[in-house]
Structures are given as C-alpha cells and as structure tokens.
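**Q** So here's run.pdb, just PDB, C-alpha atoms:
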MODEL        1
ATOM      1  CA  MET L   1       4.434 -21.499  88.304  1.00  0.00           C
ATOM      2  CA  ILE L   2       4.269 -20.405  84.658  1.00  0.00           C
ATOM      3  CA  ASP L   3       3.386 -23.046  82.084  1.00  0.00           C
ATOM      4  CA  MET L   4       6.543 -24.288  80.319  1.00  0.00           C
ATOM      5  CA  LEU L   5       4.988 -23.862  76.870  1.00  0.00           C
ATOM      6  CA  LEU L   6       4.361 -20.188  77.632  1.00  0.00           C
ATOM      7  CA  ILE L   7       7.957 -19.782  78.802  1.00  0.00           C
ATOM      8  CA  MET L   8       9.147 -21.319  75.529  1.00  0.00           C
ATOM      9  CA  VAL L   9       7.031 -18.908  73.470  1.00  0.00           C
ATOM     10  CA  ILE L  10       8.304 -15.902  75.441  1.00  0.00           C
ATOM     11  CA  PHE L  11      11.956 -16.836  74.951  1.00  0.00           C
ATOM     12  CA  LEU L  12      11.429 -17.682  71.286  1.00  0.00           C
ATOM     13  CA  ALA L  13      10.091 -14.155  70.758  1.00  0.00           C
ATOM     14  CA  ALA L  14      12.822 -12.580  72.917  1.00  0.00           C
ATOM     15  CA  GLY L  15      15.538 -14.530  71.096  1.00  0.00           C
ATOM     16  CA  MET L  16      14.149 -13.419  67.745  1.00  0.00           C
ATOM     17  CA  VAL L  17      14.320  -9.771  68.824  1.00  0.00           C
ATOM     18  CA  LYS L  18      17.934 -10.248  69.949  1.00  0.00           C
ATOM     19  CA  GLY L  19      18.773 -11.862  66.622  1.00  0.00           C
ATOM     20  CA  VAL L  20      17.416  -8.869  64.706  1.00  0.00           C
ATOM     21  CA  VAL L  21      18.700  -5.939  66.793  1.00  0.00           C
ATOM     22  CA  GLY L  22      21.500  -7.486  68.883  1.00  0.00           C
ATOM     23  CA  MET L  23      19.797  -6.906  72.239  1.00  0.00           C
ATOM     24  CA  GLY L  24      16.433  -7.078  73.967  1.00  0.00           C
ATOM     25  CA  LEU L  25      16.242 -10.660  75.251  1.00  0.00           C
ATOM     26  CA  PRO L  26      16.470  -9.825  78.977  1.00  0.00           C
ATOM     27  CA  ALA L  27      14.293  -6.717  78.682  1.00  0.00           C
ATOM     28  CA  LEU L  28      11.496  -8.347  76.682  1.00  0.00           C
ATOM     29  CA  SER L  29      11.511 -11.656  78.565  1.00  0.00           C
ATOM     30  CA  LEU L  30      11.468  -9.895  81.954  1.00  0.00           C
ATOM     31  CA  ALA L  31       8.713  -7.543  80.833  1.00  0.00           C
ATOM     32  CA  LEU L  32       6.479 -10.413  79.670  1.00  0.00           C
ATOM     33  CA  LEU L  33       7.302 -12.738  82.565  1.00  0.00           C
ATOM     34  CA  CYS L  34       6.594 -10.023  85.128  1.00  0.00           C
ATOM     35  CA  LEU L  35       3.056  -9.787  83.797  1.00  0.00           C
ATOM     36  CA  MET L  36       2.540 -13.368  84.989  1.00  0.00           C
ATOM     37  CA  THR L  37       4.844 -13.940  87.953  1.00  0.00           C
ATOM     38  CA  ASP L  38       6.970 -12.095  90.531  1.00  0.00           C
ATOM     39  CA  LEU L  39      10.197 -10.305  89.625  1.00  0.00           C
ATOM     40  CA  THR L  40      12.603 -12.723  91.318  1.00  0.00           C
ATOM     41  CA  SER L  41      11.102 -15.726  89.496  1.00  0.00           C
ATOM     42  CA  ALA L  42      11.238 -13.813  86.200  1.00  0.00           C
ATOM     43  CA  ILE L  43      14.931 -12.975  86.726  1.00  0.00           C
ATOM     44  CA  ALA L  44      15.725 -16.589  87.628  1.00  0.00           C
ATOM     45  CA  LEU L  45      14.026 -17.849  84.449  1.00  0.00           C
ATOM     46  CA  MET L  46      15.903 -15.320  82.335  1.00  0.00           C
ATOM     47  CA  LEU L  47      19.417 -16.103  83.621  1.00  0.00           C
ATOM     48  CA  VAL L  48      20.509 -19.150  81.596  1.00  0.00           C
ATOM     49  CA  PRO L  49      19.096 -18.072  78.188  1.00  0.00           C
ATOM     50  CA  ALA L  50      20.579 -14.607  78.701  1.00  0.00           C
ATOM     51  CA  PHE L  51      23.980 -16.057  79.639  1.00  0.00           C
ATOM     52  CA  VAL L  52      24.199 -18.452  76.691  1.00  0.00           C
ATOM     53  CA  THR L  53      23.047 -15.949  74.058  1.00  0.00           C
ATOM     54  CA  ASN L  54      25.240 -13.178  75.479  1.00  0.00           C
ATOM     55  CA  VAL L  55      28.371 -15.345  75.561  1.00  0.00           C
ATOM     56  CA  TYR L  56      27.698 -16.171  71.914  1.00  0.00           C
ATOM     57  CA  GLN L  57      27.329 -12.452  71.139  1.00  0.00           C
ATOM     58  CA  ALA L  58      30.418 -11.459  73.154  1.00  0.00           C
ATOM     59  CA  PHE L  59      32.708 -13.887  71.332  1.00  0.00           C
ATOM     60  CA  SER L  60      31.178 -13.601  67.860  1.00  0.00           C
ATOM     61  CA  GLY L  61      33.168 -10.511  66.864  1.00  0.00           C
ATOM     62  CA  GLY L  62      36.571 -12.060  67.537  1.00  0.00           C
ATOM     63  CA  ARG L  63      37.972  -8.947  69.289  1.00  0.00           C
ATOM     64  CA  ILE L  64      36.702  -9.463  72.827  1.00  0.00           C
ATOM     65  CA  VAL L  65      39.976  -8.492  74.560  1.00  0.00           C
ATOM     66  CA  GLU L  66      40.428  -5.331  72.492  1.00  0.00           C
ATOM     67  CA  THR L  67      36.810  -4.292  73.083  1.00  0.00           C
ATOM     68  CA  PHE L  68      37.066  -4.920  76.837  1.00  0.00           C
ATOM     69  CA  ARG L  69      40.208  -2.757  77.038  1.00  0.00           C
ATOM     70  CA  LYS L  70      38.356   0.255  75.640  1.00  0.00           C
ATOM     71  CA  CYS L  71      36.407   0.670  78.917  1.00  0.00           C
ATOM     72  CA  PRO L  72      37.581  -1.901  81.497  1.00  0.00           C
ATOM     73  CA  LEU L  73      36.491   0.048  84.598  1.00  0.00           C
ATOM     74  CA  PHE L  74      32.984   0.368  83.176  1.00  0.00           C
ATOM     75  CA  PHE L  75      32.679  -3.407  82.799  1.00  0.00           C
ATOM     76  CA  VAL L  76      34.215  -4.136  86.204  1.00  0.00           C
ATOM     77  CA  MET L  77      31.916  -1.733  88.063  1.00  0.00           C
ATOM     78  CA  ALA L  78      28.883  -2.942  86.097  1.00  0.00           C
ATOM     79  CA  GLY L  79      29.509  -6.382  87.572  1.00  0.00           C
ATOM     80  CA  LEU L  80      30.568  -5.510  91.121  1.00  0.00           C
ATOM     81  CA  ALA L  81      27.697  -3.062  91.713  1.00  0.00           C
ATOM     82  CA  ILE L  82      25.083  -5.731  91.035  1.00  0.00           C
ATOM     83  CA  TRP L  83      25.498  -7.325  94.472  1.00  0.00           C
ATOM     84  CA  PRO L  84      24.375  -4.310  96.558  1.00  0.00           C
ATOM     85  CA  GLY L  85      21.487  -3.699  94.166  1.00  0.00           C
ATOM     86  CA  ALA L  86      20.357  -7.328  94.412  1.00  0.00           C
ATOM     87  CA  GLN L  87      20.000  -7.054  98.191  1.00  0.00           C
ATOM     88  CA  ALA L  88      16.761  -5.171  97.541  1.00  0.00           C
ATOM     89  CA  LEU L  89      15.225  -8.337  96.097  1.00  0.00           C
ATOM     90  CA  VAL L  90      14.819  -9.668  99.645  1.00  0.00           C
ATOM     91  CA  ARG L  91      14.306  -6.338 101.422  1.00  0.00           C
ATOM     92  CA  VAL L  92      11.893  -4.330  99.247  1.00  0.00           C
ATOM     93  CA  ASP L  93       8.331  -5.152  98.175  1.00  0.00           C
ATOM     94  CA  LEU L  94       8.568  -6.852  94.764  1.00  0.00           C
ATOM     95  CA  PRO L  95       5.728  -4.792  93.211  1.00  0.00           C
ATOM     96  CA  LEU L  96       7.853  -1.682  93.825  1.00  0.00           C
ATOM     97  CA  LEU L  97      10.824  -3.260  92.055  1.00  0.00           C
ATOM     98  CA  SER L  98       8.575  -4.377  89.195  1.00  0.00           C
ATOM     99  CA  GLY L  99       7.428  -0.762  88.918  1.00  0.00           C
ATOM    100  CA  LEU L 100      11.076   0.343  88.817  1.00  0.00           C
ATOM    101  CA  LEU L 101      11.669  -2.180  86.042  1.00  0.00           C
ATOM    102  CA  GLY L 102       8.727  -0.622  84.181  1.00  0.00           C
ATOM    103  CA  ILE L 103      10.249   2.846  84.541  1.00  0.00           C
ATOM    104  CA  CYS L 104      13.615   1.578  83.269  1.00  0.00           C
ATOM    105  CA  LEU L 105      11.937  -0.072  80.262  1.00  0.00           C
ATOM    106  CA  ILE L 106       9.996   3.094  79.399  1.00  0.00           C
ATOM    107  CA  THR L 107      13.140   5.237  79.669  1.00  0.00           C
ATOM    108  CA  TYR L 108      15.211   2.737  77.691  1.00  0.00           C
ATOM    109  CA  ALA L 109      12.560   2.595  74.961  1.00  0.00           C
ATOM    110  CA  ALA L 110      12.169   6.393  74.791  1.00  0.00           C
ATOM    111  CA  VAL L 111      15.918   6.997  74.522  1.00  0.00           C
ATOM    112  CA  SER L 112      16.286   4.262  71.887  1.00  0.00           C
ATOM    113  CA  VAL L 113      13.358   5.432  69.722  1.00  0.00           C
ATOM    114  CA  ALA L 114      14.607   9.024  69.905  1.00  0.00           C
ATOM    115  CA  GLY L 115      18.047   7.862  68.815  1.00  0.00           C
ATOM    116  CA  THR L 116      19.688   9.897  71.560  1.00  0.00           C
ATOM    117  CA  ARG L 117      23.486   9.820  71.528  1.00  0.00           C
ATOM    118  CA  LEU L 118      25.140  11.665  74.393  1.00  0.00           C
ATOM    119  CA  ILE L 119      28.485  12.091  72.692  1.00  0.00           C
ATOM    120  CA  GLY L 120      30.863  14.630  74.159  1.00  0.00           C
ATOM    121  CA  SER L 121      34.168  15.177  75.915  1.00  0.00           C
ATOM    122  CA  TRP L 122      32.581  14.027  79.189  1.00  0.00           C
ATOM    123  CA  SER L 123      32.393  10.467  77.896  1.00  0.00           C
ATOM    124  CA  ARG L 124      36.197  10.267  77.860  1.00  0.00           C
ATOM    125  CA  ARG L 125      36.717  11.466  81.424  1.00  0.00           C
ATOM    126  CA  TRP L 126      38.153   8.953  83.848  1.00  0.00           C
ATOM    127  CA  TRP L 127      35.120   8.860  86.121  1.00  0.00           C
ATOM    128  CA  THR L 128      32.299   8.435  83.598  1.00  0.00           C
ATOM    129  CA  GLY L 129      32.998   4.773  82.830  1.00  0.00           C
ATOM    130  CA  PRO L 130      33.006   3.635  86.480  1.00  0.00           C
ATOM    131  CA  ALA L 131      30.022   5.894  87.296  1.00  0.00           C
ATOM    132  CA  PHE L 132      27.855   4.582  84.465  1.00  0.00           C
ATOM    133  CA  GLY L 133      29.017   1.029  85.173  1.00  0.00           C
ATOM    134  CA  ALA L 134      28.072   1.316  88.850  1.00  0.00           C
ATOM    135  CA  ALA L 135      24.671   2.825  88.033  1.00  0.00           C
ATOM    136  CA  ASN L 136      24.023   0.072  85.500  1.00  0.00           C
ATOM    137  CA  GLY L 137      25.053  -2.589  88.007  1.00  0.00           C
ATOM    138  CA  VAL L 138      22.828  -1.299  90.795  1.00  0.00           C
ATOM    139  CA  LEU L 139      19.805  -1.122  88.496  1.00  0.00           C
ATOM    140  CA  THR L 140      20.591  -4.603  87.174  1.00  0.00           C
ATOM    141  CA  GLY L 141      20.598  -5.931  90.721  1.00  0.00           C
ATOM    142  CA  LEU L 142      17.323  -4.160  91.476  1.00  0.00           C
ATOM    143  CA  THR L 143      15.419  -5.076  88.322  1.00  0.00           C
ATOM    144  CA  GLY L 144      17.313  -7.713  86.306  1.00  0.00           C
ATOM    145  CA  ALA L 145      17.491  -5.394  83.261  1.00  0.00           C
ATOM    146  CA  PHE L 146      21.040  -4.961  81.915  1.00  0.00           C
ATOM    147  CA  VAL L 147      20.784  -2.059  79.506  1.00  0.00           C
ATOM    148  CA  PHE L 148      20.169   1.205  81.332  1.00  0.00           C
ATOM    149  CA  PRO L 149      22.124   3.470  81.596  1.00  0.00           C
ATOM    150  CA  GLY L 150      25.111   1.417  80.449  1.00  0.00           C
ATOM    151  CA  LEU L 151      24.039   1.276  76.824  1.00  0.00           C
ATOM    152  CA  ILE L 152      23.934   5.086  76.684  1.00  0.00           C
ATOM    153  CA  TYR L 153      27.585   5.173  77.786  1.00  0.00           C
ATOM    154  CA  LEU L 154      28.701   2.522  75.299  1.00  0.00           C
ATOM    155  CA  GLN L 155      26.986   4.438  72.491  1.00  0.00           C
ATOM    156  CA  SER L 156      28.778   7.633  73.508  1.00  0.00           C
ATOM    157  CA  ILE L 157      32.427   6.535  73.346  1.00  0.00           C
ATOM    158  CA  GLY L 158      32.776   6.152  69.584  1.00  0.00           C
ATOM    159  CA  LEU L 159      32.694   2.368  69.169  1.00  0.00           C
ATOM    160  CA  SER L 160      32.132   0.983  65.690  1.00  0.00           C
ATOM    161  CA  ARG L 161      28.889  -0.936  65.080  1.00  0.00           C
ATOM    162  CA  ASN L 162      30.598  -4.320  65.480  1.00  0.00           C
ATOM    163  CA  GLU L 163      32.475  -3.157  68.574  1.00  0.00           C
ATOM    164  CA  LEU L 164      29.239  -1.863  70.086  1.00  0.00           C
ATOM    165  CA  VAL L 165      27.461  -5.187  69.513  1.00  0.00           C
ATOM    166  CA  GLN L 166      30.401  -7.042  71.072  1.00  0.00           C
ATOM    167  CA  ALA L 167      30.634  -4.577  73.988  1.00  0.00           C
ATOM    168  CA  MET L 168      26.933  -5.131  74.692  1.00  0.00           C
ATOM    169  CA  GLY L 169      27.583  -8.868  74.699  1.00  0.00           C
ATOM    170  CA  ILE L 170      30.431  -8.420  77.205  1.00  0.00           C
ATOM    171  CA  LEU L 171      28.319  -6.164  79.437  1.00  0.00           C
ATOM    172  CA  PHE L 172      25.342  -8.511  79.360  1.00  0.00           C
ATOM    173  CA  THR L 173      27.505 -11.602  80.014  1.00  0.00           C
ATOM    174  CA  ILE L 174      29.240 -10.030  83.021  1.00  0.00           C
ATOM    175  CA  SER L 175      25.899  -8.776  84.326  1.00  0.00           C
ATOM    176  CA  THR L 176      24.296 -12.217  83.972  1.00  0.00           C
ATOM    177  CA  VAL L 177      27.122 -13.933  85.857  1.00  0.00           C
ATOM    178  CA  PHE L 178      27.134 -11.469  88.772  1.00  0.00           C
ATOM    179  CA  LEU L 179      23.341 -11.394  88.920  1.00  0.00           C
ATOM    180  CA  GLY L 180      23.203 -15.187  89.052  1.00  0.00           C
ATOM    181  CA  LEU L 181      25.864 -15.304  91.789  1.00  0.00           C
ATOM    182  CA  SER L 182      24.009 -12.645  93.802  1.00  0.00           C
ATOM    183  CA  MET L 183      20.682 -14.457  93.533  1.00  0.00           C
ATOM    184  CA  GLY L 184      22.330 -17.736  94.470  1.00  0.00           C
ATOM    185  CA  GLN L 185      23.862 -16.134  97.548  1.00  0.00           C
ATOM    186  CA  LEU L 186      20.406 -14.822  98.477  1.00  0.00           C
ATOM    187  CA  SER L 187      18.854 -18.298  97.970  1.00  0.00           C
ATOM    188  CA  LEU L 188      16.530 -17.037  95.235  1.00  0.00           C
ATOM    189  CA  LEU L 189      17.360 -19.741  92.666  1.00  0.00           C
ATOM    190  CA  THR L 190      15.188 -22.838  93.131  1.00  0.00           C
ATOM    191  CA  SER L 191      15.861 -26.123  91.335  1.00  0.00           C
ATOM    192  CA  ASP L 192      12.590 -25.906  89.387  1.00  0.00           C
ATOM    193  CA  LEU L 193      13.327 -22.397  88.135  1.00  0.00           C
ATOM    194  CA  SER L 194      16.901 -23.390  87.219  1.00  0.00           C
ATOM    195  CA  ILE L 195      15.659 -26.359  85.172  1.00  0.00           C
ATOM    196  CA  GLN L 196      13.046 -24.243  83.391  1.00  0.00           C
ATOM    197  CA  SER L 197      15.670 -21.577  82.698  1.00  0.00           C
ATOM    198  CA  GLY L 198      18.001 -24.192  81.217  1.00  0.00           C
ATOM    199  CA  LEU L 199      15.255 -25.552  78.954  1.00  0.00           C
ATOM    200  CA  ALA L 200      14.439 -22.006  77.808  1.00  0.00           C
ATOM    201  CA  VAL L 201      17.864 -21.836  76.123  1.00  0.00           C
ATOM    202  CA  ILE L 202      16.494 -23.960  73.267  1.00  0.00           C
ATOM    203  CA  PRO L 203      13.774 -21.524  72.078  1.00  0.00           C
ATOM    204  CA  ALA L 204      16.002 -18.524  72.858  1.00  0.00           C
ATOM    205  CA  MET L 205      18.791 -19.775  70.577  1.00  0.00           C
ATOM    206  CA  ALA L 206      16.278 -20.873  67.934  1.00  0.00           C
ATOM    207  CA  GLY L 207      14.681 -17.440  67.992  1.00  0.00           C
ATOM    208  CA  MET L 208      18.079 -15.754  67.807  1.00  0.00           C
ATOM    209  CA  MET L 209      18.986 -17.742  64.701  1.00  0.00           C
ATOM    210  CA  VAL L 210      15.637 -16.934  63.066  1.00  0.00           C
ATOM    211  CA  GLY L 211      16.088 -13.257  63.924  1.00  0.00           C
ATOM    212  CA  SER L 212      19.601 -13.245  62.466  1.00  0.00           C
ATOM    213  CA  GLY L 213      18.239 -14.786  59.283  1.00  0.00           C
ATOM    214  CA  ILE L 214      15.553 -12.148  58.779  1.00  0.00           C
ATOM    215  CA  ARG L 215      17.723  -9.179  59.851  1.00  0.00           C
ATOM    216  CA  ASN L 216      18.471  -8.168  56.260  1.00  0.00           C
ATOM    217  CA  ARG L 217      14.958  -8.857  54.967  1.00  0.00           C
ATOM    218  CA  ILE L 218      13.081  -6.229  56.977  1.00  0.00           C
ATOM    219  CA  SER L 219      13.570  -2.615  57.909  1.00  0.00           C
ATOM    220  CA  GLU L 220      15.578  -2.700  61.140  1.00  0.00           C
ATOM    221  CA  ILE L 221      14.522   0.880  61.919  1.00  0.00           C
ATOM    222  CA  LEU L 222      10.818  -0.018  61.716  1.00  0.00           C
ATOM    223  CA  PHE L 223      11.351  -3.217  63.682  1.00  0.00           C
ATOM    224  CA  ARG L 224      13.217  -1.355  66.432  1.00  0.00           C
ATOM    225  CA  ARG L 225      10.474   1.251  66.694  1.00  0.00           C
ATOM    226  CA  LEU L 226       7.778  -1.390  66.991  1.00  0.00           C
ATOM    227  CA  PHE L 227       9.811  -3.344  69.529  1.00  0.00           C
ATOM    228  CA  PHE L 228      10.534  -0.342  71.736  1.00  0.00           C
ATOM    229  CA  THR L 229       6.937   0.850  71.504  1.00  0.00           C
ATOM    230  CA  VAL L 230       5.705  -2.524  72.743  1.00  0.00           C
ATOM    231  CA  LEU L 231       8.394  -2.517  75.445  1.00  0.00           C
ATOM    232  CA  ALA L 232       7.278   0.925  76.642  1.00  0.00           C
ATOM    233  CA  LEU L 233       3.641  -0.203  76.777  1.00  0.00           C
ATOM    234  CA  ILE L 234       4.574  -3.266  78.827  1.00  0.00           C
ATOM    235  CA  GLY L 235       6.652  -1.018  81.092  1.00  0.00           C
ATOM    236  CA  ALA L 236       3.617   1.205  81.596  1.00  0.00           C
ATOM    237  CA  VAL L 237       1.539  -1.830  82.575  1.00  0.00           C
ATOM    238  CA  LEU L 238       4.188  -2.847  85.135  1.00  0.00           C
ATOM    239  CA  VAL L 239       4.189   0.659  86.631  1.00  0.00           C
ATOM    240  CA  PHE L 240       0.388   0.663  86.780  1.00  0.00           C
ATOM    241  CA  ASN L 241       0.327  -2.763  88.447  1.00  0.00           C
ATOM    242  CA  ALA L 242       2.944  -1.615  90.959  1.00  0.00           C
ATOM    243  CA  VAL L 243       0.857   1.456  91.868  1.00  0.00           C
ATOM    244  CA  VAL L 244      -2.307  -0.622  92.212  1.00  0.00           C
ATOM    245  CA  ASN L 245      -0.540  -3.184  94.430  1.00  0.00           C
ATOM    246  CA  LEU L 246       1.181  -0.679  96.705  1.00  0.00           C
ATOM    247  CA  PRO L 247       0.731  -1.694 100.355  1.00  0.00           C
TER     248      PRO L 247
ENDMDL
END
Have the structure of the file written as structure tokens, please.

**A**
Amino acid sequence: MIDMLLIMVIFLAAGMVKGVVGMGLPALSLALLCLMTDLTSAIALMLVPAFVTNVYQAFSGGRIVETFRKCPLFFVMAGLAIWPGAQALVRVDLPLLSGLLGICLITYAAVSVAGTRLIGSWSRRWWTGPAFGAANGVLTGLTGAFVFPGLIYLQSIGLSRNELVQAMGILFTISTVFLGLSMGQLSLLTSDLSIQSGLAVIPAMAGMMVGSGIRNRISEILFRRLFFTVLALIGAVLVFNAVVNLP
C-alpha cells in the first residue's frame, strides 16, 4: 500500500498540471503511481479525483449539451468500449498492461509536443467518431489513460479552444464513470483504495486551483513541453520495467 502522504503529493502535482493545461491528471497520476504499485491499484486511486475534476471541467464552459452534440457517437463509444478493454485487467499480466500504458504515454507526449493536428475531410466522416471513440475506450479499459487516441480526434474536428477544453472534460468524465463501473463489476475496487481515492480529491482540487492561478503567469508552451517530456520519460521507465518483468 502506498503511503497516503505520497498519494497526496502525486495528486497535488497532477491537479496543478490539469489546472495549467486543462488535462494530464489521469496520465501523470497513473504514470507516477505505476512506478510504486500495480496498475489496477493505480487506476482505483485515480478514479475519484479524476471524476470530480473532470465534472468540474465539463460543466465549467456552460455549453455542455451543445458540445456533446458535436460528436455524440464518439462520446458514446468511448464509454461503452471501456468494458471489453477492462476485462484484460483480470486476464493479462499487469506488467504487460503497464508497458502498454507506457507506450500510450510516450505516443501521447510525442504527438502533443509535435503539435500534430490531423485535420482533414476524414474527420467529418460518419465512421471516424465511433471508431476513434471505440479505440479510446478500449485503451482506457486496458490502461486507465483517457486521452489517446480520442484527443487527436477532438483536436481534428474544428472545436474552439473553450469547446475543446469542455469536450475533453466530457470525454474524461464519461470514461471515468464507465471505468469505475467496469472495475467494480470485476471486483477490483477495495474499500481501502476507495477511501484513499476519495481523500485524494482534496490535493487534486487544490492543485487544480493553484494551476489555474498560475496559468497566465508562465509560458504555457514551455510548461507543456516540460510536462510531456517528463511524461514520456516515465512512460519509457514503465516500458522498461514491463520488459524486465516479463514472465
């Protein structure tokens, strides 16, 4: 079991990142927690802080219904596809899934640092929303990370900055709910982990408020680059640990 003080520090840092750039709490908290515990415990600890902060983000823009209507099938599939992905949590060796999380973090960081935007006519086709949503859901179930490849799709469909932030909040909220339900159905949520996850809301929200306060005082571009560089390095460590611990 991870020391509660360490959990608090991790979620304070993750909340601060989310406050500055509008995302990153699940990715950073999972990456750090997986260095100290197994993937299922890390996901369980992340659930409540992620849910609370993402609900706040989803409703903060005031246009949640309008934003949801821009890509409803994407959001629906992103939630429904989590359940089959989560089945791997009790069927596959956890070091392998931690390695997959590392690969997702490295890819997510590389795409974000490069500023890749896959904008084109394909993003408006009827099948791309459900396809990206399903892929995002399966990977969320497998690793607990909400962002890849769903964020690439949301960035490609011409949302304004505020709409994009709110759409990410909607995606992350739906993903958190379905992931929590899936883990509960698989009996992976213990009472101790649930209590620790609930307590972690306090530093996560505090960090988010601090991050929001300093957003306009630092270079967001530099901060994002540093954040994604650290995330990629942690992802590399997770991949290395997975290779070393292969049966």

**Q** Select, from L:Leu39, L:Leu164, L:Val230, L:Leu47, the residue with the minimum atom-to-atom distance to Ile195 in chain L, counting all atoms listed in the file.

**A**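 Using all atoms listed in the file, Ile195 in chain L sits closest to L:Leu47.
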
**Q** Using the chain letters and numbers from the file, which residues does the PyMOL selection byres ((chain L and resi 99) around 6) grab, as a ChimeraX atom specification?

**A** /L:96-98,100-102,238-239,242

**Q** Would you compute, for all listed atoms of range 37-44 of chain L, the axis-aligned bounding box grown by 4 Å on each side, and then report its centre and edge lengths in Å rounded to one decimal, as AutoDock Vina command-line options?

**A**
--center_x 10.3 --center_y -13.4 --center_z 88.8 --size_x 18.9 --size_y 14.3 --size_z 13.1

**Q** As a check of understanding, name the residues that the PyMOL selection byres ((chain L and resi 150-154) around 8) selects in the supplied structure, as a list in words.

**A**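 Evaluating the PyMOL selection byres ((chain L and resi 150-154) around 8) on this file yields Arg117, Leu118, Ser123, Gly129, Phe132, Gly133, Ala135, Asn136, Phe146, Val147, Phe148, Pro149, Gln155, Ser156, Ile157, Gly158, Leu159, Leu164, Ala167 and Met168 of chain L.
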
**Q** CA of Met209 in chain L to CA of Ile10 in chain L: how many Å, to one decimal?

**A**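 Between these atoms lies a distance of 15.3 Å.
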
**Q** Pick from L:Phe74, L:Trp83, L:Phe240, L:Phe172: nearest to Gly22 in chain L, with all atoms listed in the file counted?

**A**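 The answer is L:Phe172, which sits nearest to Gly22 in chain L.
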
**Q** Which one is closest to Ala42 in chain L: L:Ile7, L:Ile218, L:Val17, L:Met208? Count all atoms listed in the file.

**A**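 Of the candidates, the smallest distance to Ala42 in chain L is held by L:Ile7.
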
**Q** Figure out the distance between CA of Gly15 in chain L and CA of Leu142 in chain L, please, to one decimal in Å.

**A** 22.9 Å

**Q** Please indicate the distance in Å from CA of Leu12 in chain L to CA of Leu28 in chain L, rounded to one decimal place.

**A**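 Spanning CA of Leu12 in chain L to CA of Leu28 in chain L is a straight-line distance of 10.8 Å.
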
**Q** Specify as an MDAnalysis selection string each residue included when the PyMOL selection byres ((chain L and resi 144) around 10) is applied to this file.

**A** chainID L and resid 26:27 30 39:40 42:44 46:47 82 85:86 97:98 101 137:143 145:147 175:176 179:180

**Q** Any chance you can output those residues with C-alpha atoms as a PDB file, in the frame of the given file?

**A**
ATOM      1  CA  PRO L  26      16.470  -9.825  78.977  1.00  0.00           C
ATOM      2  CA  ALA L  27      14.293  -6.717  78.682  1.00  0.00           C
ATOM      3  CA  LEU L  30      11.468  -9.895  81.954  1.00  0.00           C
ATOM      4  CA  LEU L  39      10.197 -10.305  89.625  1.00  0.00           C
ATOM      5  CA  THR L  40      12.603 -12.723  91.318  1.00  0.00           C
ATOM      6  CA  ALA L  42      11.238 -13.813  86.200  1.00  0.00           C
ATOM      7  CA  ILE L  43      14.931 -12.975  86.726  1.00  0.00           C
ATOM      8  CA  ALA L  44      15.725 -16.589  87.628  1.00  0.00           C
ATOM      9  CA  MET L  46      15.903 -15.320  82.335  1.00  0.00           C
ATOM     10  CA  LEU L  47      19.417 -16.103  83.621  1.00  0.00           C
ATOM     11  CA  ILE L  82      25.083  -5.731  91.035  1.00  0.00           C
ATOM     12  CA  GLY L  85      21.487  -3.699  94.166  1.00  0.00           C
ATOM     13  CA  ALA L  86      20.357  -7.328  94.412  1.00  0.00           C
ATOM     14  CA  LEU L  97      10.824  -3.260  92.055  1.00  0.00           C
ATOM     15  CA  SER L  98       8.575  -4.377  89.195  1.00  0.00           C
ATOM     16  CA  LEU L 101      11.669  -2.180  86.042  1.00  0.00           C
ATOM     17  CA  GLY L 137      25.053  -2.589  88.007  1.00  0.00           C
ATOM     18  CA  VAL L 138      22.828  -1.299  90.795  1.00  0.00           C
ATOM     19  CA  LEU L 139      19.805  -1.122  88.496  1.00  0.00           C
ATOM     20  CA  THR L 140      20.591  -4.603  87.174  1.00  0.00           C
ATOM     21  CA  GLY L 141      20.598  -5.931  90.721  1.00  0.00           C
ATOM     22  CA  LEU L 142      17.323  -4.160  91.476  1.00  0.00           C
ATOM     23  CA  THR L 143      15.419  -5.076  88.322  1.00  0.00           C
ATOM     24  CA  ALA L 145      17.491  -5.394  83.261  1.00  0.00           C
ATOM     25  CA  PHE L 146      21.040  -4.961  81.915  1.00  0.00           C
ATOM     26  CA  VAL L 147      20.784  -2.059  79.506  1.00  0.00           C
ATOM     27  CA  SER L 175      25.899  -8.776  84.326  1.00  0.00           C
ATOM     28  CA  THR L 176      24.296 -12.217  83.972  1.00  0.00           C
ATOM     29  CA  LEU L 179      23.341 -11.394  88.920  1.00  0.00           C
ATOM     30  CA  GLY L 180      23.203 -15.187  89.052  1.00  0.00           C
TER      31      GLY L 180
END
